[in-house]
$ cat upload_14.pdb   # PDB, C-alpha atoms
MODEL        1
ATOM      1  CA  MET A1451     -42.644  -7.840 -42.533
ATOM      2  CA  LYS A1452     -42.575  -7.785 -46.345
ATOM      3  CA  ASN A1453     -45.192  -5.000 -46.361
ATOM      4  CA  LEU A1454     -43.062  -2.893 -43.948
ATOM      5  CA  LYS A1455     -40.021  -3.425 -46.193
ATOM      6  CA  ASN A1456     -41.995  -2.265 -49.256
ATOM      7  CA  GLN A1457     -43.173   0.834 -47.360
ATOM      8  CA  GLN A1458     -39.585   1.642 -46.379
ATOM      9  CA  PHE A1459     -38.411   1.408 -49.997
ATOM     10  CA  LEU A1460     -41.353   3.556 -51.155
ATOM     11  CA  ILE A1461     -40.563   6.280 -48.602
ATOM     12  CA  VAL A1462     -36.866   6.243 -49.486
ATOM     13  CA  GLY A1463     -37.687   6.349 -53.195
ATOM     14  CA  LEU A1464     -40.008   9.330 -52.801
ATOM     15  CA  PHE A1465     -37.431  11.301 -50.837
ATOM     16  CA  ILE A1466     -34.663  10.480 -53.321
ATOM     17  CA  VAL A1467     -36.835  11.682 -56.210
ATOM     18  CA  LEU A1468     -37.794  14.809 -54.262
ATOM     19  CA  PHE A1469     -34.197  15.519 -53.240
ATOM     20  CA  SER A1470     -32.815  14.996 -56.752
ATOM     21  CA  SER A1471     -35.496  17.206 -58.315
ATOM     22  CA  VAL A1472     -34.530  20.092 -56.058
ATOM     23  CA  ASN A1473     -31.685  20.998 -58.439
ATOM     24  CA  THR A1474     -34.167  21.846 -61.188
ATOM     25  CA  LEU A1475     -35.907  24.537 -59.134
ATOM     26  CA  GLN A1476     -34.399  28.024 -59.431
ATOM     27  CA  ALA A1477     -35.731  30.272 -56.630
ATOM     28  CA  GLN A1478     -33.374  31.306 -53.797
ATOM     29  CA  ASN A1479     -31.881  27.822 -53.666
ATOM     30  CA  LYS A1480     -28.886  27.335 -51.412
ATOM     31  CA  THR A1481     -26.952  24.258 -50.433
ATOM     32  CA  TYR A1482     -25.455  23.897 -46.954
ATOM     33  CA  LEU A1483     -22.951  21.260 -45.895
ATOM     34  CA  GLY A1484     -22.625  20.716 -42.172
ATOM     35  CA  ILE A1485     -21.245  18.766 -39.285
ATOM     36  CA  ASP A1486     -23.482  17.984 -36.332
ATOM     37  CA  PHE A1487     -22.401  17.114 -32.794
ATOM     38  CA  VAL A1488     -25.219  15.297 -31.035
ATOM     39  CA  ASN A1489     -25.859  14.290 -27.419
ATOM     40  CA  GLU A1490     -28.816  11.965 -26.951
ATOM     41  CA  VAL A1491     -30.516   9.889 -24.288
ATOM     42  CA  ALA A1492     -32.305   6.686 -25.301
ATOM     43  CA  ASP A1493     -34.780   5.182 -22.863
ATOM     44  CA  LYS A1494     -33.013   5.071 -19.464
ATOM     45  CA  ASP A1495     -29.538   5.089 -21.010
ATOM     46  CA  HIS A1496     -26.976   7.733 -20.114
ATOM     47  CA  LEU A1497     -26.221  10.703 -22.345
ATOM     48  CA  ARG A1498     -24.457   9.353 -25.449
ATOM     49  CA  PRO A1499     -22.418  11.549 -27.829
ATOM     50  CA  GLY A1500     -22.682  11.185 -31.586
ATOM     51  CA  VAL A1501     -21.507  12.934 -34.706
ATOM     52  CA  GLY A1502     -22.861  13.339 -38.205
ATOM     53  CA  LEU A1503     -22.574  14.989 -41.576
ATOM     54  CA  ASN A1504     -25.541  16.579 -43.310
ATOM     55  CA  ILE A1505     -26.604  18.433 -46.413
ATOM     56  CA  VAL A1506     -29.486  20.890 -46.661
ATOM     57  CA  ARG A1507     -30.889  22.143 -49.944
ATOM     58  CA  THR A1508     -33.353  25.036 -49.753
ATOM     59  CA  VAL A1509     -36.294  25.111 -52.132
ATOM     60  CA  GLY A1510     -37.890  28.521 -52.135
ATOM     61  CA  LYS A1511     -38.106  30.901 -49.208
ATOM     62  CA  HIS A1512     -39.125  28.575 -46.363
ATOM     63  CA  SER A1513     -38.780  24.972 -47.567
ATOM     64  CA  GLY A1514     -35.882  22.587 -47.952
ATOM     65  CA  ILE A1515     -34.708  18.998 -47.931
ATOM     66  CA  GLU A1516     -32.193  17.772 -45.365
ATOM     67  CA  ALA A1517     -30.305  14.474 -45.401
ATOM     68  CA  GLY A1518     -27.570  13.194 -43.138
ATOM     69  CA  VAL A1519     -25.455  10.341 -41.886
ATOM     70  CA  TYR A1520     -24.968  10.067 -38.099
ATOM     71  CA  TYR A1521     -22.961   7.696 -35.921
ATOM     72  CA  ARG A1522     -24.554   6.848 -32.574
ATOM     73  CA  THR A1523     -24.072   4.316 -29.795
ATOM     74  CA  TYR A1524     -26.419   2.634 -27.341
ATOM     75  CA  ILE A1525     -25.675   0.646 -24.178
ATOM     76  CA  GLN A1526     -27.756  -2.533 -23.944
ATOM     77  CA  SER A1527     -27.713  -3.972 -20.409
ATOM     78  CA  LEU A1528     -28.438  -7.692 -20.208
ATOM     79  CA  SER A1529     -28.886  -9.905 -17.147
ATOM     80  CA  PHE A1530     -28.779 -13.686 -17.128
ATOM     81  CA  SER A1531     -28.063 -16.610 -14.841
ATOM     82  CA  MET A1532     -25.640 -19.436 -15.443
ATOM     83  CA  ALA A1533     -24.793 -22.267 -13.055
ATOM     84  CA  GLY A1534     -26.660 -20.517 -10.223
ATOM     85  CA  HIS A1535     -24.807 -17.204 -10.647
ATOM     86  CA  TYR A1536     -26.347 -13.974 -11.925
ATOM     87  CA  TYR A1537     -24.404 -11.831 -14.386
ATOM     88  CA  ASP A1538     -24.919  -8.332 -15.739
ATOM     89  CA  VAL A1539     -23.448  -7.578 -19.155
ATOM     90  CA  ASP A1540     -23.218  -4.214 -20.912
ATOM     91  CA  ILE A1541     -23.047  -4.250 -24.724
ATOM     92  CA  ARG A1542     -22.261  -1.063 -26.641
ATOM     93  CA  GLU A1543     -24.131  -1.129 -29.940
ATOM     94  CA  SER A1544     -22.912   1.034 -32.828
ATOM     95  CA  HIS A1545     -25.487   2.370 -35.299
ATOM     96  CA  LEU A1546     -25.571   4.503 -38.408
ATOM     97  CA  SER A1547     -28.636   6.739 -38.592
ATOM     98  CA  ILE A1548     -29.649   8.110 -41.998
ATOM     99  CA  PRO A1549     -32.472  10.699 -41.902
ATOM    100  CA  VAL A1550     -34.138  12.266 -44.957
ATOM    101  CA  LEU A1551     -36.222  15.238 -43.823
ATOM    102  CA  TYR A1552     -38.459  18.043 -45.029
ATOM    103  CA  LYS A1553     -37.268  21.304 -43.443
ATOM    104  CA  PHE A1554     -39.381  24.392 -42.837
ATOM    105  CA  SER A1555     -37.277  27.481 -42.026
ATOM    106  CA  SER A1556     -38.371  30.839 -40.655
ATOM    107  CA  ARG A1557     -36.716  33.697 -38.781
ATOM    108  CA  ILE A1558     -38.119  32.364 -35.504
ATOM    109  CA  VAL A1559     -37.621  28.595 -35.738
ATOM    110  CA  ASN A1560     -36.642  25.761 -38.091
ATOM    111  CA  VAL A1561     -38.668  22.533 -38.009
ATOM    112  CA  SER A1562     -37.577  19.309 -39.727
ATOM    113  CA  ALA A1563     -39.392  15.975 -39.941
ATOM    114  CA  GLY A1564     -39.133  12.754 -41.891
ATOM    115  CA  PRO A1565     -38.072   9.122 -41.857
ATOM    116  CA  SER A1566     -34.777   7.927 -40.436
ATOM    117  CA  PHE A1567     -33.122   4.612 -41.159
ATOM    118  CA  GLU A1568     -31.095   2.931 -38.420
ATOM    119  CA  VAL A1569     -28.408   0.429 -39.483
ATOM    120  CA  PHE A1570     -26.670  -1.801 -36.908
ATOM    121  CA  LEU A1571     -22.894  -1.651 -37.448
ATOM    122  CA  GLY A1572     -21.554  -3.829 -34.637
ATOM    123  CA  TRP A1573     -21.067  -4.250 -30.909
ATOM    124  CA  LYS A1574     -18.475  -4.345 -28.138
ATOM    125  CA  ASP A1575     -18.624  -5.994 -24.708
ATOM    126  CA  LYS A1576     -18.235  -3.201 -22.116
ATOM    127  CA  SER A1577     -18.707  -5.353 -18.986
ATOM    128  CA  SER A1578     -15.970  -6.464 -16.626
ATOM    129  CA  PRO A1579     -13.823  -9.248 -18.155
ATOM    130  CA  ASP A1580     -13.616 -10.955 -14.724
ATOM    131  CA  GLU A1581     -17.264 -12.043 -14.780
ATOM    132  CA  VAL A1582     -18.241 -13.427 -18.173
ATOM    133  CA  GLU A1583     -17.164 -12.968 -21.781
ATOM    134  CA  VAL A1584     -19.745 -12.434 -24.541
ATOM    135  CA  ASP A1585     -18.945 -14.395 -27.710
ATOM    136  CA  GLY A1586     -21.683 -13.089 -29.977
ATOM    137  CA  TYR A1587     -24.367 -10.449 -30.189
ATOM    138  CA  ASP A1588     -26.689  -9.454 -33.011
ATOM    139  CA  ILE A1589     -29.847  -7.487 -33.773
ATOM    140  CA  ASP A1590     -32.457  -8.903 -36.116
ATOM    141  CA  PRO A1591     -33.115  -7.178 -38.437
ATOM    142  CA  ASN A1592     -29.901  -5.167 -38.794
ATOM    143  CA  TYR A1593     -31.845  -2.109 -39.989
ATOM    144  CA  ASN A1594     -34.893  -0.319 -38.579
ATOM    145  CA  LEU A1595     -37.176   2.529 -39.536
ATOM    146  CA  GLY A1596     -37.854   5.560 -37.363
ATOM    147  CA  VAL A1597     -39.066   9.132 -37.554
ATOM    148  CA  LEU A1598     -36.920  12.152 -36.738
ATOM    149  CA  PHE A1599     -38.373  15.482 -35.584
ATOM    150  CA  LYS A1600     -36.053  18.461 -35.041
ATOM    151  CA  MET A1601     -36.580  22.040 -33.965
ATOM    152  CA  GLY A1602     -33.757  24.573 -34.134
ATOM    153  CA  LYS A1603     -32.712  28.152 -34.770
ATOM    154  CA  ASP A1604     -30.226  29.522 -37.313
ATOM    155  CA  ILE A1605     -27.581  31.853 -35.886
ATOM    156  CA  LYS A1606     -25.579  33.499 -38.653
ATOM    157  CA  LEU A1607     -21.872  33.632 -37.738
ATOM    158  CA  SER A1608     -20.688  35.087 -41.060
ATOM    159  CA  GLU A1609     -21.885  35.460 -44.644
ATOM    160  CA  LYS A1610     -21.307  31.738 -45.323
ATOM    161  CA  LEU A1611     -21.229  30.095 -41.861
ATOM    162  CA  VAL A1612     -24.343  29.279 -39.788
ATOM    163  CA  PHE A1613     -24.650  27.729 -36.322
ATOM    164  CA  GLU A1614     -27.903  25.861 -35.614
ATOM    165  CA  PRO A1615     -28.619  24.410 -32.157
ATOM    166  CA  GLU A1616     -31.542  21.987 -32.301
ATOM    167  CA  LEU A1617     -33.719  19.730 -30.162
ATOM    168  CA  ARG A1618     -34.095  16.182 -31.531
ATOM    169  CA  PHE A1619     -36.778  13.507 -31.041
ATOM    170  CA  ASN A1620     -36.182  10.196 -32.837
ATOM    171  CA  PRO A1621     -38.288   7.082 -32.101
ATOM    172  CA  ILE A1622     -36.933   3.899 -33.756
ATOM    173  CA  PHE A1623     -39.866   1.521 -34.216
ATOM    174  CA  GLY A1624     -38.264  -1.922 -34.639
ATOM    175  CA  LEU A1625     -35.938  -1.415 -31.667
ATOM    176  CA  GLU A1626     -38.673   0.235 -29.579
ATOM    177  CA  ARG A1627     -36.278   3.018 -28.568
ATOM    178  CA  VAL A1628     -36.753   6.748 -28.384
ATOM    179  CA  TYR A1629     -33.712   9.008 -28.736
ATOM    180  CA  ILE A1630     -34.106  12.530 -27.310
ATOM    181  CA  GLY A1631     -31.295  15.038 -27.398
ATOM    182  CA  LEU A1632     -29.548  18.184 -28.495
ATOM    183  CA  GLY A1633     -27.667  18.761 -31.740
ATOM    184  CA  LEU A1634     -25.117  21.483 -32.365
ATOM    185  CA  LYS A1635     -24.799  21.975 -36.111
ATOM    186  CA  LEU A1636     -22.259  24.074 -37.991
ATOM    187  CA  LYS A1637     -23.143  24.493 -41.662
ATOM    188  CA  LEU A1638     -21.422  26.198 -44.562
ATOM    189  CA  ASP A1639     -23.216  27.776 -47.541
ATOM    190  CA  VAL A1640     -21.605  26.211 -50.594
TER     191      VAL A1640
ENDMDL
END
$ encode --input "upload_14.pdb" --output "C-alpha cells"
Amino acid sequence: MKNLKNQQFLIVGLFIVLFSSVNTLQAQNKTYLGIDFVNEVADKDHLRPGVGLNIVRTVGKHSGIEAGVYYRTYIQSLSFSMAGHYYDVDIRESHLSIPVLYKFSSRIVNVSAGPSFEVFLGWKDKSSPDEVEVDGYDIDPNYNLGVLFKMGKDIKLSEKLVFEPELRFNPIFGLERVYIGLGLKLKLDV
C-alpha cells in the first residue's frame, strides 16, 4: 500500500512539473478553459450525469496538457439480512475526479490519456425509508487511482469558442470500477 502511495505521488509530481513548465515554452501555445458535461455508466449502474471544469495548455502544434476537476456520482446497491428479513439498500456515492492528461490533437481526432485521482466526498441513502435506515457508510481508502483515456473532435464555433464531444474510458483501480461515457466540452481560448 505504501509503494502504491509513493507511485501516486511520483506521478502527480511529474505531471505538476510538466504542466508548470509549459509556460516557459513559446511555440503556438494556447490556453483553453472549459466546462464539461459528462454522462457515464459504471459497471451495471444506470447512466449518471456529471459536470467538470478543465484547463488545456497546448505545447507546440499537436501536444498539450489537460487537467480537470469533475463531480460524479455512483449508486452502490447493497443487500443484507437482519432478523430473518432481506433488505436492499441503494447508496449514492459522491466523488471528485481529478485527471491530469497528455493530449495529442490533430485535425481528425484528439486523444488524451493519463492518471486520474478519485476522491470520495460523501454519501446519501437513496433507498425507501420504510425498510431500513443506513447510519453510516464509508470507503477505505477515501481516494483511488485510475487512468483516463479520451477521444474527441474539436468543432470550432467561433474564433475563441470550441465544442469538443468526446468518448471517455476511466477504470478506477482501488474501487474496481470502470466508467464509460460521453463528454460534451465547451472551451474558450483565453
$ closest_residue --input "upload_14.pdb" --among "A:Ala1533, A:Leu1607, A:Val1584, A:Leu1625" --to "Glu1568 in chain A" --atoms "all atoms listed in the file"
A:Leu1625
$ residues_around --input "upload_14.pdb" --residues "Asn1504 in chain A" --least-positions-apart "6" --cutoff "9 Å" --atoms "all atoms listed in the file" --output "PyMOL selection string"
chain A and resi 1482-1486+1516-1520+1637
$ residues_around --input "upload_14.pdb" --residues "Asp1540 in chain A" --least-positions-apart "6" --cutoff "7 Å" --atoms "only C-alpha atoms" --output "ChimeraX atom specification"
/A:1525-1528,1575-1577
$ write_last_selection --input "upload_14.pdb" --atoms "C-alpha atoms" --output "PDB file, in the frame of the given file"
ATOM      1  CA  ILE A1525     -25.675   0.646 -24.178  1.00  0.00           C
ATOM      2  CA  GLN A1526     -27.756  -2.533 -23.944  1.00  0.00           C
ATOM      3  CA  SER A1527     -27.713  -3.972 -20.409  1.00  0.00           C
ATOM      4  CA  LEU A1528     -28.438  -7.692 -20.208  1.00  0.00           C
ATOM      5  CA  ASP A1575     -18.624  -5.994 -24.708  1.00  0.00           C
ATOM      6  CA  LYS A1576     -18.235  -3.201 -22.116  1.00  0.00           C
ATOM      7  CA  SER A1577     -18.707  -5.353 -18.986  1.00  0.00           C
TER       8      SER A1577
END
$ closest_residue --input "upload_14.pdb" --among "A:Ile1622, A:Val1612, A:Val1582, A:Ile1589" --to "Lys1635 in chain A" --atoms "only C-alpha atoms"
A:Val1612
$ resolve_selection --input "upload_14.pdb" --expression "the PyMOL selection byres ((chain A and resi 1481) around 10)" --output "PyMOL selection string"
chain A and resi 1473+1479-1480+1482-1484+1505-1509+1514-1516+1637-1640
$ resolve_selection --input "upload_14.pdb" --expression "the PyMOL selection byres ((chain A and resi 1549-1560) around 9)" --output "PyMOL selection string"
chain A and resi 1462+1465-1466+1469+1506+1508+1511-1520+1547-1548+1561-1568+1596-1604+1616
$ closest_residue --input "upload_14.pdb" --among "A:Ile1605, A:Thr1523, A:Gly1510, A:Glu1583" --to "Leu1546 in chain A" --atoms "all atoms listed in the file"
A:Thr1523
$ atom_distance --input "upload_14.pdb" --atom1 "CA of Arg1498 in chain A" --atom2 "CA of Asp1590 in chain A"
22.6 Å
$ resolve_selection --input "upload_14.pdb" --expression "the PyMOL selection byres ((chain A and resi 1574) around 6)" --output "count of residues only"
4
$ atom_distance --input "upload_14.pdb" --atom1 "CA of Leu1503 in chain A" --atom2 "CA of Phe1623 in chain A"
23.1 Å
$ closest_residue --input "upload_14.pdb" --among "A:Ala1492, A:His1545, A:Tyr1521, A:Gly1500" --to "Tyr1593 in chain A" --atoms "all atoms listed in the file"
A:His1545
$ decode --input "upload_14.pdb" --residues "range 1528-1539 of chain A" --atoms "all heavy atoms" --output "PDB file, in the first residue's frame"
ATOM      1  N   LEU A1528     -26.632  -2.472  -2.067  1.00  0.00           N
ATOM      2  CA  LEU A1528     -26.219  -3.424  -1.048  1.00  0.00           C
ATOM      3  C   LEU A1528     -27.416  -4.259  -0.629  1.00  0.00           C
ATOM      4  O   LEU A1528     -28.538  -3.753  -0.544  1.00  0.00           O
ATOM      5  CB  LEU A1528     -25.670  -2.689   0.181  1.00  0.00           C
ATOM      6  CG  LEU A1528     -24.528  -1.715  -0.070  1.00  0.00           C
ATOM      7  CD1 LEU A1528     -24.234  -0.921   1.181  1.00  0.00           C
ATOM      8  CD2 LEU A1528     -23.299  -2.469  -0.524  1.00  0.00           C
ATOM      9  N   SER A1529     -27.188  -5.526  -0.357  1.00  0.00           N
ATOM     10  CA  SER A1529     -28.225  -6.427   0.143  1.00  0.00           C
ATOM     11  C   SER A1529     -27.723  -7.061   1.428  1.00  0.00           C
ATOM     12  O   SER A1529     -26.560  -7.433   1.531  1.00  0.00           O
ATOM     13  CB  SER A1529     -28.532  -7.523  -0.871  1.00  0.00           C
ATOM     14  OG  SER A1529     -29.034  -6.965  -2.058  1.00  0.00           O
ATOM     15  N   PHE A1530     -28.613  -7.166   2.411  1.00  0.00           N
ATOM     16  CA  PHE A1530     -28.238  -7.811   3.663  1.00  0.00           C
ATOM     17  C   PHE A1530     -29.489  -8.360   4.341  1.00  0.00           C
ATOM     18  O   PHE A1530     -30.609  -7.993   4.005  1.00  0.00           O
ATOM     19  CB  PHE A1530     -27.464  -6.861   4.582  1.00  0.00           C
ATOM     20  CG  PHE A1530     -28.254  -5.661   5.010  1.00  0.00           C
ATOM     21  CD1 PHE A1530     -28.957  -5.675   6.208  1.00  0.00           C
ATOM     22  CD2 PHE A1530     -28.277  -4.520   4.237  1.00  0.00           C
ATOM     23  CE1 PHE A1530     -29.679  -4.565   6.609  1.00  0.00           C
ATOM     24  CE2 PHE A1530     -29.002  -3.415   4.629  1.00  0.00           C
ATOM     25  CZ  PHE A1530     -29.702  -3.442   5.822  1.00  0.00           C
ATOM     26  N   SER A1531     -29.272  -9.245   5.297  1.00  0.00           N
ATOM     27  CA  SER A1531     -30.392  -9.805   6.047  1.00  0.00           C
ATOM     28  C   SER A1531     -30.253  -9.415   7.513  1.00  0.00           C
ATOM     29  O   SER A1531     -29.148  -9.314   8.049  1.00  0.00           O
ATOM     30  CB  SER A1531     -30.446 -11.321   5.897  1.00  0.00           C
ATOM     31  OG  SER A1531     -29.331 -11.912   6.506  1.00  0.00           O
ATOM     32  N   MET A1532     -31.412  -9.185   8.127  1.00  0.00           N
ATOM     33  CA  MET A1532     -31.443  -8.826   9.534  1.00  0.00           C
ATOM     34  C   MET A1532     -32.739  -9.372  10.133  1.00  0.00           C
ATOM     35  O   MET A1532     -33.830  -9.101   9.600  1.00  0.00           O
ATOM     36  CB  MET A1532     -31.379  -7.296   9.688  1.00  0.00           C
ATOM     37  CG  MET A1532     -31.234  -6.826  11.108  1.00  0.00           C
ATOM     38  SD  MET A1532     -30.835  -5.058  11.242  1.00  0.00           S
ATOM     39  CE  MET A1532     -32.124  -4.288  10.295  1.00  0.00           C
ATOM     40  N   ALA A1533     -32.608 -10.155  11.162  1.00  0.00           N
ATOM     41  CA  ALA A1533     -33.761 -10.753  11.847  1.00  0.00           C
ATOM     42  C   ALA A1533     -34.639 -11.540  10.865  1.00  0.00           C
ATOM     43  O   ALA A1533     -35.869 -11.475  10.916  1.00  0.00           O
ATOM     44  CB  ALA A1533     -34.564  -9.682  12.571  1.00  0.00           C
ATOM     45  N   GLY A1534     -34.005 -12.257   9.939  1.00  0.00           N
ATOM     46  CA  GLY A1534     -34.751 -13.096   9.001  1.00  0.00           C
ATOM     47  C   GLY A1534     -35.362 -12.368   7.826  1.00  0.00           C
ATOM     48  O   GLY A1534     -36.028 -12.971   6.987  1.00  0.00           O
ATOM     49  N   HIS A1535     -35.162 -11.050   7.731  1.00  0.00           N
ATOM     50  CA  HIS A1535     -35.685 -10.274   6.603  1.00  0.00           C
ATOM     51  C   HIS A1535     -34.525  -9.843   5.706  1.00  0.00           C
ATOM     52  O   HIS A1535     -33.435  -9.530   6.179  1.00  0.00           O
ATOM     53  CB  HIS A1535     -36.435  -9.030   7.086  1.00  0.00           C
ATOM     54  CG  HIS A1535     -37.646  -9.331   7.904  1.00  0.00           C
ATOM     55  ND1 HIS A1535     -38.707 -10.046   7.426  1.00  0.00           N
ATOM     56  CD2 HIS A1535     -37.961  -9.009   9.184  1.00  0.00           C
ATOM     57  CE1 HIS A1535     -39.626 -10.160   8.365  1.00  0.00           C
ATOM     58  NE2 HIS A1535     -39.198  -9.542   9.457  1.00  0.00           N
ATOM     59  N   TYR A1536     -34.782  -9.787   4.408  1.00  0.00           N
ATOM     60  CA  TYR A1536     -33.775  -9.348   3.451  1.00  0.00           C
ATOM     61  C   TYR A1536     -34.083  -7.918   3.026  1.00  0.00           C
ATOM     62  O   TYR A1536     -35.235  -7.577   2.750  1.00  0.00           O
ATOM     63  CB  TYR A1536     -33.745 -10.269   2.224  1.00  0.00           C
ATOM     64  CG  TYR A1536     -33.163 -11.617   2.557  1.00  0.00           C
ATOM     65  CD1 TYR A1536     -33.976 -12.676   2.928  1.00  0.00           C
ATOM     66  CD2 TYR A1536     -31.782 -11.814   2.517  1.00  0.00           C
ATOM     67  CE1 TYR A1536     -33.442 -13.909   3.258  1.00  0.00           C
ATOM     68  CE2 TYR A1536     -31.234 -13.036   2.846  1.00  0.00           C
ATOM     69  CZ  TYR A1536     -32.064 -14.077   3.216  1.00  0.00           C
ATOM     70  OH  TYR A1536     -31.528 -15.290   3.546  1.00  0.00           O
ATOM     71  N   TYR A1537     -33.036  -7.099   2.979  1.00  0.00           N
ATOM     72  CA  TYR A1537     -33.191  -5.685   2.636  1.00  0.00           C
ATOM     73  C   TYR A1537     -32.245  -5.334   1.495  1.00  0.00           C
ATOM     74  O   TYR A1537     -31.118  -5.812   1.438  1.00  0.00           O
ATOM     75  CB  TYR A1537     -32.865  -4.800   3.839  1.00  0.00           C
ATOM     76  CG  TYR A1537     -33.784  -5.015   5.012  1.00  0.00           C
ATOM     77  CD1 TYR A1537     -33.408  -5.840   6.075  1.00  0.00           C
ATOM     78  CD2 TYR A1537     -35.027  -4.414   5.052  1.00  0.00           C
ATOM     79  CE1 TYR A1537     -34.251  -6.040   7.152  1.00  0.00           C
ATOM     80  CE2 TYR A1537     -35.883  -4.610   6.128  1.00  0.00           C
ATOM     81  CZ  TYR A1537     -35.487  -5.429   7.175  1.00  0.00           C
ATOM     82  OH  TYR A1537     -36.324  -5.624   8.230  1.00  0.00           O
ATOM     83  N   ASP A1538     -32.717  -4.467   0.627  1.00  0.00           N
ATOM     84  CA  ASP A1538     -31.890  -3.892  -0.435  1.00  0.00           C
ATOM     85  C   ASP A1538     -31.755  -2.401  -0.148  1.00  0.00           C
ATOM     86  O   ASP A1538     -32.751  -1.718   0.112  1.00  0.00           O
ATOM     87  CB  ASP A1538     -32.534  -4.088  -1.807  1.00  0.00           C
ATOM     88  CG  ASP A1538     -32.555  -5.549  -2.222  1.00  0.00           C
ATOM     89  OD1 ASP A1538     -31.573  -6.247  -1.936  1.00  0.00           O
ATOM     90  OD2 ASP A1538     -33.558  -5.977  -2.824  1.00  0.00           O
ATOM     91  N   VAL A1539     -30.524  -1.916  -0.186  1.00  0.00           N
ATOM     92  CA  VAL A1539     -30.246  -0.517   0.114  1.00  0.00           C
ATOM     93  C   VAL A1539     -29.465   0.067  -1.055  1.00  0.00           C
ATOM     94  O   VAL A1539     -28.537  -0.563  -1.559  1.00  0.00           O
ATOM     95  CB  VAL A1539     -29.417  -0.390   1.419  1.00  0.00           C
ATOM     96  CG1 VAL A1539     -29.042   1.044   1.683  1.00  0.00           C
ATOM     97  CG2 VAL A1539     -30.178  -0.981   2.589  1.00  0.00           C
TER      98      VAL A1539
END
